[in-house]
Amino acid sequence: MSGRRGSDPRGGGGTGLEASRVRFARGSRLIVDGVDVTVPRGAVGALLGPNGAGKSTLLHLIAGVEHPDVAALTLDGDDLVSLRRRERARRIALVEQDAQAPEGLRVDHVVGLGRVPHQSAWGVDSARDREVVARALTAAGASAFAARRYDELSGGERQRVNLARALAQEPELLLLDEPTNHLDIRAQLATLELLRRLADDGLSVLAALHDLSLAASYADHVVVLAQGAVVTAGAPTDVLTPELIRAVWDVEAHVLVHPVTGRPLLAFAPAVEDAPGVVLGTRGDRSPQDLPVR
Ligand SMILES: Nc1ncnc2c1ncn2[C@@H]1O[C@H](COP(=O)(O)OP(=O)(O)OP(=O)(O)O)[C@@H](O)[C@H]1O
């Protein structure tokens, strides 16, 4: 996965995230099966795959919310598994699909929670903490509701606050699980533009996305997962072919060229048996051997 910039504006020449052989089982069920993902500094990576492919679980394993059975996980060469929790929280932020916050908390205080890994044990807000929170709220388009209660916000408003909280962490690696969920189209584009800009400034970004056209427009590199394993990975133009989309998602796709960006733009048609009036069968039960693993 390569970024659009050759230099590392944060200094240090970091290699970003290198995750290899990530494996995780729940009971007898293998959920993530030997996955390799790399995200260099300054790159946007997109994790793609059908429902249940293992995208959220993989993000949780990288963030340290879950612990892999086997994996080599490094961030800028540092072993993530042996990092102390607080240090890991300073370096990696995760925007979850349905993040929670303590009941009744104001939005700016929720975003302020992102500063906790940077604060002393007394948790006193410094002028810099307040400045970082204000900047994060603005960047995520959430300053208009900074003084409202988080639990009274709409889904899209909460999504922006969750992003602001992660930005307030000032991480080196930003992981996002469906960051455009609940967002209107303007907010979706603003979020992806923001991620692109942050990556151009040296942040490593890895986002699970369902919108393949958005992924193709903004990601440097996509990783396609199915049934816990990597099917293929590479530049969006190389990976997102009609054949791959049919094999993994079981839909027919036309790959067009975006008239402005020149990037792939996908138009879909349902598979024949999904036509109106046809009852869906148990699809997606194909074994990984049926998929074109590269
Ligand atoms: N707590 C759990 N207990 C048992 N199985 C789980 C648990 N959480 C997830 N799974 C299973 O692990 C698999 C991967 O789930 P995961 O949420 O990582 O997929 P995903 O690709 O993020 O899906 P989606 O696109 O629907 O969000 C699924 O089969 C899911 O049912």
# chains A, B, ... in the order shown; residues from 1 in each chain; ligands from 1
call {"tool": "select_by_dssp", "arguments": {"residues": "stretch 41-283 of chain A", "states": "alpha helix (DSSP H)", "output": "PyMOL selection string"}}
result
chain A and resi 55-63+85-91+107-112+127-139+155-168+185-200+212-218+236-239+242-249
call {"tool": "residues_near_ligand", "arguments": {"ligand": "ligand 1", "cutoff": "7 Å", "atoms": "only C-alpha atoms and all ligand atoms", "output": "number ranges by chain"}}
result
A: 26, 31, 49-58, 228
call {"tool": "select_by_dssp", "arguments": {"residues": "stretch 37-243 of chain A", "states": "strand (DSSP E or B)", "output": "number ranges by chain"}}
result
A: 37-39, 44-48, 70-75, 78-79, 92-95, 106, 149, 173-177, 204-208, 221-226, 229-234
call {"tool": "closest_residue", "arguments": {"among": "A:Gly45, A:Pro236, A:Gly155, A:Pro259", "to": "A:Leu206", "atoms": "only C-alpha atoms"}}
result
A:Gly45
call {"tool": "atom_distance", "arguments": {"atom1": "atom CA of A:Ala219", "atom2": "atom CA of A:Val255"}}
result
16.2 Å
call {"tool": "closest_residue", "arguments": {"among": "A:Leu153, A:Val32, A:Leu173, A:Ala190", "to": "A:Gly104", "atoms": "only C-alpha atoms"}}
result
A:Leu153
call {"tool": "decode", "arguments": {"residues": "stretch 192-220 of chain A", "atoms": "N, CA and C atoms", "output": "tab-separated table (two decimals), in the first residue's frame"}}
result
chain	number	residue	atom	x	y	z
A	192	LEU	N	-14.46	11.27	3.85
A	192	LEU	CA	-13.40	10.64	3.05
A	192	LEU	C	-12.35	11.65	2.62
A	193	GLU	N	-12.79	12.88	2.29
A	193	GLU	CA	-11.82	13.94	1.95
A	193	GLU	C	-10.90	14.22	3.14
A	194	LEU	N	-11.52	14.26	4.34
A	194	LEU	CA	-10.73	14.52	5.55
A	194	LEU	C	-9.71	13.41	5.77
A	195	LEU	N	-10.15	12.17	5.62
A	195	LEU	CA	-9.22	11.05	5.82
A	195	LEU	C	-8.07	11.14	4.83
A	196	ARG	N	-8.42	11.51	3.59
A	196	ARG	CA	-7.39	11.65	2.55
A	196	ARG	C	-6.37	12.72	2.94
A	197	ARG	N	-6.89	13.87	3.43
A	197	ARG	CA	-5.99	14.97	3.82
A	197	ARG	C	-5.11	14.58	5.01
A	198	LEU	N	-5.72	13.90	5.99
A	198	LEU	CA	-4.96	13.48	7.17
A	198	LEU	C	-3.85	12.51	6.75
A	199	ALA	N	-4.18	11.63	5.82
A	199	ALA	CA	-3.16	10.69	5.34
A	199	ALA	C	-2.07	11.45	4.60
A	200	ASP	N	-2.45	12.43	3.81
A	200	ASP	CA	-1.45	13.21	3.09
A	200	ASP	C	-0.52	13.94	4.07
A	201	ASP	N	-1.03	14.19	5.30
A	201	ASP	CA	-0.19	14.81	6.34
A	201	ASP	C	0.57	13.78	7.16
A	202	GLY	N	0.48	12.51	6.79
A	202	GLY	CA	1.33	11.51	7.44
A	202	GLY	C	0.62	10.48	8.29
A	203	LEU	N	-0.71	10.59	8.46
A	203	LEU	CA	-1.44	9.60	9.24
A	203	LEU	C	-1.61	8.33	8.40
A	204	SER	N	-1.61	7.17	9.06
A	204	SER	CA	-1.96	5.92	8.37
A	204	SER	C	-3.43	5.65	8.67
A	205	VAL	N	-4.18	5.35	7.62
A	205	VAL	CA	-5.63	5.18	7.78
A	205	VAL	C	-6.04	3.81	7.24
A	206	LEU	N	-6.83	3.09	8.02
A	206	LEU	CA	-7.40	1.82	7.53
A	206	LEU	C	-8.88	1.83	7.87
A	207	ALA	N	-9.73	1.80	6.84
A	207	ALA	CA	-11.18	1.91	7.06
A	207	ALA	C	-11.90	0.72	6.43
A	208	ALA	N	-12.81	0.12	7.19
A	208	ALA	CA	-13.71	-0.88	6.62
A	208	ALA	C	-14.84	-0.12	5.94
A	209	LEU	N	-15.06	-0.43	4.69
A	209	LEU	CA	-16.08	0.29	3.91
A	209	LEU	C	-16.94	-0.70	3.15
A	210	HIS	N	-18.23	-0.37	3.00
A	210	HIS	CA	-19.08	-1.18	2.12
A	210	HIS	C	-19.25	-0.55	0.75
A	211	ASP	N	-19.04	0.78	0.68
A	211	ASP	CA	-19.24	1.47	-0.59
A	211	ASP	C	-17.97	1.33	-1.44
A	212	LEU	N	-18.05	0.46	-2.44
A	212	LEU	CA	-16.84	0.15	-3.23
A	212	LEU	C	-16.39	1.35	-4.05
A	213	SER	N	-17.35	2.17	-4.52
A	213	SER	CA	-16.95	3.35	-5.31
A	213	SER	C	-16.22	4.37	-4.44
A	214	LEU	N	-16.71	4.55	-3.20
A	214	LEU	CA	-16.01	5.47	-2.29
A	214	LEU	C	-14.61	4.95	-2.00
A	215	ALA	N	-14.51	3.64	-1.77
A	215	ALA	CA	-13.19	3.05	-1.52
A	215	ALA	C	-12.28	3.27	-2.73
A	216	ALA	N	-12.83	3.07	-3.92
A	216	ALA	CA	-12.02	3.22	-5.14
A	216	ALA	C	-11.59	4.66	-5.33
A	217	SER	N	-12.43	5.61	-4.87
A	217	SER	CA	-12.12	7.03	-5.06
A	217	SER	C	-11.05	7.52	-4.11
A	218	TYR	N	-11.02	6.96	-2.90
A	218	TYR	CA	-10.16	7.58	-1.87
A	218	TYR	C	-9.01	6.70	-1.38
A	219	ALA	N	-9.10	5.39	-1.59
A	219	ALA	CA	-8.06	4.53	-1.02
A	219	ALA	C	-6.88	4.37	-1.97
A	220	ASP	N	-5.69	4.26	-1.37
A	220	ASP	CA	-4.52	3.94	-2.18
A	220	ASP	C	-4.49	2.45	-2.48
